[in-house]
>>> print(open('start-v7.cif').read())   # mmCIF, C-alpha atoms
data_final
#
loop_
_atom_site.label_atom_id
_atom_site.label_comp_id
_atom_site.auth_asym_id
_atom_site.auth_seq_id
_atom_site.Cartn_x
_atom_site.Cartn_y
_atom_site.Cartn_z
CA MET A 1 120.57 -37.78 -27.95
CA ALA A 2 122.54 -39.94 -30.31
CA GLU A 3 125.91 -39.30 -28.74
CA GLN A 4 127.49 -42.29 -27.09
CA ILE A 5 128.57 -41.64 -23.53
CA ASP A 6 131.20 -44.04 -22.34
CA GLU A 7 132.78 -44.71 -18.99
CA ALA A 8 135.73 -42.41 -19.71
CA MET A 9 133.32 -39.57 -20.30
CA VAL A 10 131.40 -40.26 -17.12
CA ILE A 11 134.64 -40.26 -15.14
CA ALA A 12 135.79 -37.04 -16.82
CA TRP A 13 132.46 -35.53 -15.92
CA LEU A 14 132.83 -36.55 -12.27
CA ASP A 15 136.36 -35.12 -12.30
CA GLY A 16 135.12 -31.78 -13.58
CA GLU A 17 137.10 -32.10 -16.77
CA LEU A 18 134.28 -31.39 -19.22
CA ASP A 19 133.26 -28.02 -20.52
CA GLU A 20 129.94 -26.70 -19.34
CA VAL A 21 127.91 -27.72 -22.36
CA THR A 22 129.27 -31.25 -22.50
CA ALA A 23 128.94 -31.63 -18.75
CA ALA A 24 125.28 -30.66 -18.91
CA ARG A 25 124.72 -33.16 -21.70
CA VAL A 26 126.39 -35.96 -19.77
CA ALA A 27 124.48 -35.06 -16.61
CA ALA A 28 121.19 -35.24 -18.47
CA THR A 29 122.04 -38.53 -20.11
CA VAL A 30 123.26 -40.11 -16.89
CA ALA A 31 120.10 -38.98 -15.11
CA SER A 32 117.92 -40.71 -17.66
CA ASP A 33 119.91 -43.88 -18.10
CA PRO A 34 119.85 -46.30 -15.14
CA ALA A 35 122.95 -48.20 -16.31
CA LEU A 36 124.96 -45.02 -16.65
CA ARG A 37 123.64 -43.80 -13.33
CA THR A 38 124.80 -46.97 -11.58
CA MET A 39 128.19 -46.60 -13.19
CA ALA A 40 128.48 -42.96 -12.17
CA ASP A 41 127.39 -43.73 -8.62
CA ALA A 42 130.00 -46.46 -8.33
CA HIS A 43 132.79 -44.12 -9.44
CA ARG A 44 131.50 -41.34 -7.23
CA ALA A 45 131.46 -43.68 -4.23
CA ILE A 46 135.01 -44.86 -4.85
CA ARG A 47 136.25 -41.33 -5.17
CA ALA A 48 134.51 -40.35 -1.95
CA ARG A 49 136.04 -43.31 -0.13
CA PHE A 50 139.52 -42.32 -1.18
CA ALA A 51 138.89 -38.69 -0.32
CA THR A 52 137.75 -39.66 3.17
CA ALA A 53 140.67 -41.99 3.81
CA PHE A 54 143.48 -40.01 2.17
CA GLY A 55 142.19 -36.49 2.73
CA PRO A 56 143.26 -36.15 6.39
CA ILE A 57 146.87 -36.97 5.49
CA ALA A 58 147.16 -33.64 3.72
CA ASP A 59 146.04 -31.87 6.90
CA GLU A 60 149.00 -33.13 8.86
CA PRO A 61 152.00 -30.86 9.13
CA VAL A 62 155.22 -31.97 7.46
CA THR A 63 158.60 -30.73 8.56
CA MET A 64 160.72 -29.13 5.91
CA PRO A 65 164.19 -30.59 5.77
CA THR A 66 166.74 -28.00 6.81
CA PRO A 67 169.00 -26.77 4.05
CA ALA A 68 171.87 -28.36 5.98
CA SER A 69 170.40 -31.85 5.77
CA ALA A 70 169.70 -31.24 2.12
CA GLN A 71 173.43 -30.80 1.65
CA VAL A 72 174.39 -34.12 3.19
CA VAL A 73 174.74 -35.97 -0.08
CA SER A 74 175.51 -33.04 -2.27
CA LEU A 75 177.38 -34.56 -5.17
CA ALA A 76 178.44 -31.13 -6.32
CA ALA A 77 180.24 -30.64 -3.04
CA VAL A 78 181.84 -34.06 -3.27
CA ARG A 79 182.99 -33.34 -6.79
CA ALA A 80 184.39 -29.99 -5.78
CA ALA A 81 186.27 -31.66 -2.97
CA ARG A 82 187.63 -34.23 -5.37
CA ALA A 83 188.71 -31.59 -7.83
CA LYS A 84 190.81 -30.05 -5.13
CA GLU A 85 192.12 -33.47 -4.14
CA VAL A 86 191.17 -32.77 -0.62
CA ALA A 87 191.28 -35.72 1.72
CA ALA A 88 188.14 -35.68 3.79
CA PRO A 89 187.46 -38.87 5.68
CA PRO A 90 184.03 -38.96 7.31
CA ALA A 91 183.63 -41.08 10.37
CA ARG A 92 182.19 -44.32 9.11
CA ARG A 93 181.32 -44.23 5.47
CA TRP A 94 183.25 -42.86 2.62
CA VAL A 95 182.45 -42.07 -0.92
CA VAL A 96 184.66 -41.96 -3.98
CA PRO A 97 182.44 -40.97 -6.88
CA GLY A 98 183.13 -40.79 -10.56
CA ALA A 99 185.93 -42.19 -12.62
CA ILE A 100 188.82 -41.99 -10.28
CA ALA A 101 192.50 -42.71 -10.41
CA ALA A 102 194.28 -44.16 -7.45
CA SER A 103 196.30 -40.98 -7.21
CA LEU A 104 193.14 -39.07 -6.40
CA LEU A 105 192.24 -41.23 -3.51
CA VAL A 106 190.40 -39.68 -0.68
CA GLY A 107 191.51 -40.88 2.70
CA VAL A 108 189.53 -43.91 3.64
CA LEU A 109 188.73 -45.77 6.76
CA VAL A 110 187.80 -49.36 6.25
CA GLY A 111 188.33 -51.37 9.35
CA HIS A 112 189.51 -54.87 10.04
CA GLY A 113 191.95 -55.10 7.15
CA ALA A 114 189.32 -55.95 4.62
CA PHE A 115 191.78 -55.43 1.79
CA ALA A 116 195.24 -55.57 3.21
CA PRO A 117 196.55 -56.55 6.62
CA ASN A 118 197.39 -52.95 7.41
CA GLY A 119 194.34 -51.35 5.93
CA VAL A 120 193.97 -49.36 2.79
CA GLY A 121 196.98 -47.35 1.78
CA ASP A 122 197.69 -44.65 -0.73
CA ARG A 123 199.06 -46.88 -3.45
CA ALA A 124 198.04 -48.02 -6.92
CA GLY A 125 195.30 -50.59 -6.74
CA ALA A 126 194.62 -49.79 -3.12
CA LEU A 127 190.92 -50.07 -3.75
CA ALA A 128 191.12 -53.14 -5.95
CA LEU A 129 189.02 -55.90 -4.47
CA ALA A 130 190.74 -58.90 -2.94
CA ALA A 131 190.55 -62.16 -4.84
CA PRO A 132 187.50 -63.77 -3.22
CA LEU A 133 185.39 -60.65 -3.66
CA ALA A 134 186.70 -60.07 -7.16
CA ARG A 135 185.93 -63.68 -8.09
CA ALA A 136 182.41 -63.28 -6.83
CA LEU A 137 181.94 -60.14 -8.88
CA ASP A 138 183.43 -61.89 -11.91
CA ASN A 139 181.16 -64.86 -11.69
CA GLN A 140 178.04 -64.26 -9.72
CA LEU A 141 174.84 -63.10 -11.30
CA ALA A 142 172.71 -60.53 -9.57
CA GLY A 143 170.36 -62.08 -7.08
CA ALA A 144 172.27 -65.35 -6.73
CA PRO A 145 172.77 -66.46 -3.11
CA GLY A 146 176.19 -66.76 -1.53
CA GLY A 147 178.61 -65.11 0.86
CA VAL A 148 178.89 -62.26 -1.59
CA ARG A 149 175.65 -61.19 -3.09
CA VAL A 150 175.43 -58.97 -6.10
CA ALA A 151 172.47 -56.65 -6.26
CA LEU A 152 172.82 -54.73 -9.42
CA SER A 153 175.01 -54.59 -12.51
CA PHE A 154 175.24 -51.51 -14.66
CA ARG A 155 177.55 -49.38 -16.76
CA ASP A 156 178.93 -46.08 -15.55
CA HIS A 157 179.19 -42.95 -17.64
CA GLY A 158 182.62 -44.00 -18.84
CA GLY A 159 181.21 -47.31 -20.10
CA ALA A 160 182.86 -49.42 -17.40
CA TYR A 161 180.85 -52.20 -15.79
CA CYS A 162 179.92 -51.69 -12.16
CA ARG A 163 178.29 -53.98 -9.64
CA SER A 164 176.82 -53.29 -6.24
CA PHE A 165 177.26 -56.03 -3.70
CA THR A 166 177.00 -57.09 -0.09
CA ALA A 167 179.57 -59.34 1.56
CA THR A 168 179.91 -60.35 5.17
CA HIS A 169 181.75 -57.29 6.46
CA LEU A 170 181.53 -54.96 3.53
CA SER A 171 178.99 -53.71 1.12
CA GLY A 172 179.65 -51.43 -1.76
CA ILE A 173 179.91 -50.69 -5.43
CA ALA A 174 182.87 -51.75 -7.53
CA CYS A 175 183.60 -50.88 -11.14
CA ARG A 176 186.02 -52.36 -13.63
CA GLY A 177 189.20 -50.36 -13.94
CA GLY A 178 192.61 -51.54 -15.08
CA ASP A 179 191.39 -55.13 -15.36
CA ARG A 180 190.34 -55.18 -11.74
CA TRP A 181 187.29 -54.47 -9.67
CA GLN A 182 187.89 -51.14 -7.99
CA LEU A 183 185.76 -49.91 -5.15
CA ARG A 184 183.79 -46.78 -5.82
CA TYR A 185 181.73 -46.87 -2.66
CA ALA A 186 181.91 -48.97 0.45
CA ALA A 187 180.34 -49.23 3.85
CA PRO A 188 181.14 -51.62 6.66
CA GLY A 189 178.77 -54.59 6.64
CA ASN A 190 176.61 -55.62 9.49
CA ALA A 191 176.43 -59.35 9.13
CA ASP A 192 176.38 -59.98 12.88
CA THR A 193 172.90 -58.63 13.25
CA GLY A 194 171.75 -60.29 10.05
CA ASP A 195 170.60 -56.89 8.91
CA TYR A 196 171.90 -56.52 5.40
CA ARG A 197 169.96 -53.38 4.87
CA MET A 198 172.22 -51.45 7.21
CA ALA A 199 169.83 -48.70 8.15
CA GLY A 200 170.81 -45.67 6.12
CA GLY A 201 173.56 -47.41 4.21
CA ASP A 202 171.29 -48.62 1.49
CA ALA A 203 170.00 -45.16 0.80
CA GLN A 204 173.50 -43.82 0.37
CA GLN A 205 174.48 -46.74 -1.78
CA ALA A 206 171.40 -46.14 -3.90
CA GLU A 207 172.39 -42.49 -4.23
CA MET A 208 175.79 -43.60 -5.42
CA VAL A 209 174.30 -45.98 -7.96
CA ALA A 210 172.11 -43.15 -9.18
CA ALA A 211 175.17 -40.93 -9.53
CA LEU A 212 177.24 -43.53 -11.34
CA ILE A 213 174.77 -45.31 -13.56
CA ALA A 214 174.43 -44.50 -17.24
CA GLY A 215 171.08 -45.70 -18.53
CA GLU A 216 169.35 -48.70 -17.06
CA PRO A 217 170.74 -51.57 -14.98
CA LEU A 218 171.70 -54.65 -16.97
CA ASP A 219 168.99 -57.23 -17.28
CA ALA A 220 169.77 -60.91 -16.73
CA ALA A 221 170.71 -61.52 -20.37
CA ALA A 222 172.98 -58.49 -20.63
CA GLU A 223 174.58 -59.41 -17.35
CA ARG A 224 175.36 -62.92 -18.52
CA GLU A 225 176.77 -61.58 -21.74
CA ALA A 226 178.99 -59.11 -19.87
CA ARG A 227 180.23 -61.91 -17.66
CA GLU A 228 181.13 -63.98 -20.69
CA ARG A 229 183.16 -61.09 -22.07
CA GLY A 230 185.00 -60.80 -18.77
CA TRP A 231 183.28 -57.49 -17.94
CA ARG A 232 185.29 -55.68 -20.59
CA MET B 1 162.16 -18.85 4.09
CA ASP B 2 162.06 -17.47 0.59
CA GLU B 3 159.22 -17.82 -1.87
CA PHE B 4 160.45 -21.14 -3.24
CA GLU B 5 160.75 -22.68 0.20
CA ARG B 6 157.33 -21.38 1.19
CA ALA B 7 155.78 -22.91 -1.92
CA LEU B 8 157.47 -26.21 -1.17
CA ALA B 9 156.54 -26.15 2.50
CA SER B 10 152.89 -25.52 1.74
CA LEU B 11 152.84 -28.29 -0.86
CA LEU B 12 154.57 -30.86 1.35
CA PRO B 13 151.44 -32.17 3.10
CA ARG B 14 149.86 -32.87 -0.26
CA LEU B 15 153.06 -34.39 -1.56
CA ARG B 16 153.03 -36.66 1.44
CA ARG B 17 149.48 -37.72 0.65
CA PHE B 18 150.57 -38.47 -2.92
CA ALA B 19 153.43 -40.49 -1.45
CA HIS B 20 150.89 -42.60 0.42
CA GLY B 21 149.09 -43.30 -2.82
CA LEU B 22 152.32 -44.11 -4.63
CA THR B 23 154.10 -46.21 -2.02
CA ARG B 24 151.11 -47.69 -0.19
CA ASP B 25 153.27 -47.76 2.90
CA ARG B 26 153.40 -45.15 5.61
CA ALA B 27 157.08 -45.39 6.45
CA ASP B 28 157.97 -45.33 2.76
CA ALA B 29 155.67 -42.37 2.24
CA ASP B 30 157.34 -40.33 4.97
CA ASP B 31 160.78 -41.23 3.72
CA LEU B 32 159.88 -40.40 0.14
CA THR B 33 158.40 -37.07 1.22
CA GLN B 34 161.61 -36.05 2.96
CA ARG B 35 163.77 -37.17 0.08
CA THR B 36 161.54 -35.29 -2.36
CA ALA B 37 161.81 -32.11 -0.31
CA GLU B 38 165.57 -32.44 -0.15
CA ARG B 39 165.84 -33.12 -3.85
CA ALA B 40 163.57 -30.18 -4.66
CA LEU B 41 165.69 -27.86 -2.52
CA LYS B 42 168.83 -29.05 -4.22
CA ALA B 43 167.31 -28.80 -7.69
CA ARG B 44 165.60 -25.48 -7.15
CA GLY B 45 167.76 -23.94 -9.84
CA GLN B 46 166.00 -26.17 -12.35
CA TRP B 47 162.57 -24.82 -11.58
CA GLN B 48 161.56 -21.98 -13.84
CA PRO B 49 159.44 -19.35 -12.13
CA GLY B 50 156.12 -18.99 -13.87
CA THR B 51 155.90 -22.69 -14.64
CA ASN B 52 153.77 -25.14 -12.70
CA PHE B 53 155.52 -25.61 -9.38
CA ASP B 54 153.18 -28.33 -8.12
CA ALA B 55 153.63 -30.43 -11.24
CA TRP B 56 157.40 -29.98 -10.98
CA ALA B 57 157.46 -31.16 -7.36
CA TYR B 58 155.08 -34.06 -7.95
CA ARG B 59 157.28 -35.15 -10.82
CA ILE B 60 160.36 -35.17 -8.60
CA MET B 61 158.55 -37.38 -6.11
CA ARG B 62 157.27 -39.73 -8.76
CA ASN B 63 160.69 -40.11 -10.38
CA LEU B 64 162.38 -40.69 -7.04
CA TRP B 65 159.87 -43.41 -6.31
CA ILE B 66 160.50 -45.09 -9.65
CA ASP B 67 164.22 -45.16 -8.82
CA THR B 68 163.48 -46.56 -5.39
CA VAL B 69 161.29 -49.33 -6.74
CA ARG B 70 163.78 -50.18 -9.46
CA GLY B 71 166.55 -50.48 -6.89
CA ARG B 72 164.39 -52.57 -4.64
CA GLN B 73 163.23 -54.96 -7.30
CA ARG B 74 166.80 -56.00 -7.78
CA ARG B 75 167.66 -55.93 -4.10
CA ASP B 76 164.59 -57.75 -2.88
CA LYS B 77 165.82 -60.85 -4.60
CA TRP B 78 168.51 -61.18 -2.01
CA ILE B 79 167.48 -59.07 0.92
CA ALA B 80 164.71 -59.96 3.29
CA PRO B 81 161.73 -57.74 2.55
CA GLU B 82 161.38 -54.67 4.67
CA GLU B 83 159.19 -54.84 7.72
CA GLU B 84 155.83 -53.34 7.06
CA GLY B 85 155.74 -49.71 8.10
CA THR B 86 154.39 -48.87 11.49
CA ASP B 87 151.15 -47.09 11.92
CA VAL B 88 152.37 -44.29 14.15
CA GLY B 89 152.11 -40.71 13.11
CA ILE B 90 148.92 -40.88 11.17
CA ALA B 91 145.95 -38.94 12.45
CA GLY B 92 142.51 -40.45 12.63
CA ASP B 93 140.77 -43.16 14.54
CA ALA B 94 141.37 -46.85 14.13
CA GLU B 95 138.58 -47.19 11.64
CA THR B 96 139.93 -44.46 9.40
CA GLN B 97 143.36 -46.05 9.56
CA ALA B 98 142.00 -49.47 8.71
CA GLU B 99 140.15 -47.99 5.76
CA LEU B 100 143.30 -46.22 4.56
CA HIS B 101 145.24 -49.44 4.88
CA PHE B 102 142.53 -51.29 2.98
CA LEU B 103 142.51 -48.77 0.15
CA MET B 104 146.29 -48.82 -0.07
CA ARG B 105 146.11 -52.60 -0.50
CA ALA B 106 143.65 -52.04 -3.33
CA MET B 107 146.11 -49.59 -4.90
CA ASP B 108 148.77 -52.30 -4.59
CA ARG B 109 146.91 -54.35 -7.12
CA LEU B 110 146.93 -51.71 -9.83
CA PRO B 111 149.73 -51.63 -12.38
CA ASP B 112 152.18 -48.81 -11.61
CA GLU B 113 151.01 -46.64 -14.50
CA GLN B 114 147.39 -46.81 -13.47
CA ARG B 115 148.19 -46.30 -9.80
CA GLU B 116 150.10 -43.07 -10.35
CA ALA B 117 147.39 -41.71 -12.64
CA VAL B 118 144.72 -42.55 -10.06
CA ALA B 119 146.75 -41.08 -7.21
CA LEU B 120 147.36 -37.81 -9.04
CA VAL B 121 143.84 -37.24 -10.31
CA MET B 122 141.48 -39.01 -7.96
CA ILE B 123 143.38 -38.54 -4.69
CA GLU B 124 145.37 -35.39 -5.34
CA GLY B 125 142.75 -33.72 -7.45
CA LEU B 126 145.12 -32.65 -10.21
CA SER B 127 143.61 -31.73 -13.53
CA TYR B 128 144.15 -34.20 -16.35
CA ALA B 129 146.49 -31.70 -17.99
CA ASP B 130 148.61 -31.30 -14.85
CA ALA B 131 148.71 -35.04 -14.22
CA ALA B 132 149.80 -35.65 -17.81
CA GLU B 133 152.54 -33.07 -17.29
CA VAL B 134 153.74 -34.76 -14.11
CA LEU B 135 153.87 -38.13 -15.81
CA ASP B 136 155.18 -36.70 -19.06
CA VAL B 137 152.61 -38.54 -21.16
CA PRO B 138 150.06 -37.33 -23.73
CA ALA B 139 146.60 -36.47 -22.42
CA GLY B 140 145.06 -39.51 -24.10
CA THR B 141 147.51 -41.85 -22.38
CA LEU B 142 146.77 -40.31 -19.01
CA THR B 143 143.03 -40.65 -19.56
CA SER B 144 143.17 -44.27 -20.58
CA ARG B 145 145.39 -45.24 -17.62
CA LEU B 146 143.13 -43.33 -15.29
CA VAL B 147 139.97 -44.92 -16.63
CA ARG B 148 141.42 -48.44 -16.49
CA GLY B 149 142.61 -47.87 -12.95
CA ARG B 150 139.26 -46.54 -11.83
CA GLN B 151 137.44 -49.43 -13.50
CA ALA B 152 139.70 -51.88 -11.68
CA LEU B 153 139.05 -50.18 -8.36
CA VAL B 154 135.30 -50.30 -8.88
CA LYS B 155 135.62 -53.98 -9.61
CA MET B 156 137.74 -54.58 -6.51
CA LEU B 157 135.85 -52.43 -4.06
CA GLY B 158 132.34 -52.45 -5.45
CA GLY B 159 130.47 -49.24 -5.88
CA ASN B 160 129.69 -48.50 -2.30
#
>>> encode(input="start-v7.cif", output="structure tokens")
Amino acid sequence: MAEQIDEAMVIAWLDGELDEVTAARVAATVASDPALRTMADAHRAIRARFATAFGPIADEPVTMPTPASAQVVSLAAVRAARAKEVAAPPARRWVVPGAIAASLLVGVLVGHGAFAPNGVGDRAGALALAAPLARALDNQLAGAPGGVRVALSFRDHGGAYCRSFTATHLSGIACRGGDRWQLRYAAPGNADTGDYRMAGGDAQQAEMVAALIAGEPLDAAAEREARERGWR
Amino acid sequence: MDEFERALASLLPRLRRFAHGLTRDRADADDLTQRTAERALKARGQWQPGTNFDAWAYRIMRNLWIDTVRGRQRRDKWIAPEEEGTDVGIAGDAETQAELHFLMRAMDRLPDEQREAVALVMIEGLSYADAAEVLDVPAGTLTSRLVRGRQALVKMLGGN
């Protein structure tokens, strides 16, 4: 048999991907060729090992999430609520998705006067970041250490620059709007425990990034360039 | 439960196995499985009856994982790495678990593209055509990633 049988063909044969005639031809060739047989045995053994180790996982029951829990981060619901300008403050975390004007503000609860001595109010610029945070977002590159740490820079669907960050008492996502950094998402920080991952908070923040981001996050070069242009 | 939910429920154990192959971490795998189920329920309007449900659900899981990794790669620069997942909740004796752990470490060393091809075909038993559909790549691309991944595993683990 003149036909060359390569490793890809042997693997396809083991995977049952060849038609009957070709499979028979490969089987015959492998049987008569010690090198091919060794190769086939090696692949067969690996596959068997994985089947033995991973197989039982698929025998374990998995609980279906209830439709209710599937609704927890329903962006459609959040958008609908926003369209109606309904104030709906959840207990600890709050979410203000999309391009948003201060007039559309959802009621928010951010403790400890992170922005203003009396807390966040319903006024223009209410969600603009205070100077130290804004400076950090202006200047710091993603990944750089410091009291405020920026995780990710990206553009939203309106073309505005956004950055996700963690500070001592606050973590969130801010986007450029009206020459300022405006919060789009925030959660109270947890610096006391040293746990910056804030069990559960990261997942929600990631969901928000996913909802806001247009395209890919900025790479280091694009980020530096955006910084030089003042994030405009 | 309607037909869609039944199909999803019966696929979930296999999705969870795929999650183990993808994430190589048990806690991540469980988390990814739940998120995939939630996303699938929310996106059920996007599934067209008569098309390949399994491929659709596997694709959701794979894309969610890509997003997770992308987010983490940026975050891990400034956040302490997550504690390794605990070993609770997995059936099997200690030896089986050690073997699973060992094989997941081997999967760690494959490039992402090869790992997902290997997980779909060699662990999940998907046909090449279905795996190519999940990954949205041409058949030839799937085959070459799969073959390179398998060759690397043979090199790492030996043939027996």
>>> resolve_selection(input="start-v7.cif", expression="the PyMOL selection byres ((chain A) within 8 of (chain B))", output="number ranges by chain")
A: 7-8, 11, 15, 17, 41-43, 45-47, 50-51, 53-65, 67, 69-71, 142-145, 149, 151-152, 196-197, 206
>>> closest_residue(input="start-v7.cif", among="A:Leu133, A:Leu14, A:Ala174, A:Ala24", to="Ala160 (chain A)", atoms="all atoms listed in the file")
A:Ala174
>>> resolve_selection(input="start-v7.cif", expression="the PyMOL selection byres ((chain A and resi 208) around 9)", output="list in words")
Val95, Pro97, Ile173, Arg184, Tyr185, Ala203, Gln204, Gln205, Ala206, Glu207, Val209, Ala210, Ala211, Leu212 and Ile213 of chain A
>>> write_last_selection(input="start-v7.cif", atoms="C-alpha atoms", output="compact mmCIF listing (two decimals), keeping the file's coordinate frame")
# COMPACT_ATOMS: atom_id res chain seq x y z
CA VAL A 95 182.45 -42.07 -0.92
CA PRO A 97 182.44 -40.97 -6.88
CA ILE A 173 179.91 -50.69 -5.43
CA ARG A 184 183.79 -46.78 -5.82
CA TYR A 185 181.73 -46.87 -2.66
CA ALA A 203 170.00 -45.16 0.80
CA GLN A 204 173.50 -43.82 0.37
CA GLN A 205 174.48 -46.74 -1.78
CA ALA A 206 171.40 -46.14 -3.90
CA GLU A 207 172.39 -42.49 -4.23
CA VAL A 209 174.30 -45.98 -7.96
CA ALA A 210 172.11 -43.15 -9.18
CA ALA A 211 175.17 -40.93 -9.53
CA LEU A 212 177.24 -43.53 -11.34
CA ILE A 213 174.77 -45.31 -13.56
>>> resolve_selection(input="start-v7.cif", expression="the PyMOL selection byres ((chain A and resi 25) around 12)", output="list in words")
Met1, Ala2, Glu3, Gln4, Ile5, Met9, Val10, Trp13, Leu18, Asp19, Glu20, Val21, Thr22, Ala23, Ala24, Val26, Ala27, Ala28, Thr29, Val30, Ala31 and Ser32 of chain A
>>> atom_distance(input="start-v7.cif", atom1="CA of Pro217 (chain A)", atom2="CA of Arg180 (chain A)")
20.2 Å
>>> residues_around(input="start-v7.cif", residues="Leu135 (chain B)", least_positions_apart="6", cutoff="9 Å", atoms="all atoms listed in the file", output="short mmCIF file (atom, residue, chain, number, x, y, z; two decimals) with C-alpha atoms, keeping the file's coordinate frame")
data_model
loop_
_atom_site.label_atom_id
_atom_site.label_comp_id
_atom_site.auth_asym_id
_atom_site.auth_seq_id
_atom_site.Cartn_x
_atom_site.Cartn_y
_atom_site.Cartn_z
CA ALA B 55 153.63 -30.43 -11.24
CA TYR B 58 155.08 -34.06 -7.95
CA ARG B 59 157.28 -35.15 -10.82
CA ARG B 62 157.27 -39.73 -8.76
CA ASN B 63 160.69 -40.11 -10.38
CA GLU B 116 150.10 -43.07 -10.35
CA ALA B 117 147.39 -41.71 -12.64
CA LEU B 142 146.77 -40.31 -19.01
#
>>> atom_distance(input="start-v7.cif", atom1="CA of Gly158 (chain A)", atom2="CA of Ala214 (chain A)")
8.4 Å
>>> atom_distance(input="start-v7.cif", atom1="CA of Glu223 (chain A)", atom2="CA of Gly172 (chain A)")
18.2 Å
>>> closest_residue(input="start-v7.cif", among="B:Gln114, B:Thr23, B:Gln46, B:Thr51", to="Gly149 (chain B)", atoms="all atoms listed in the file")
B:Gln114
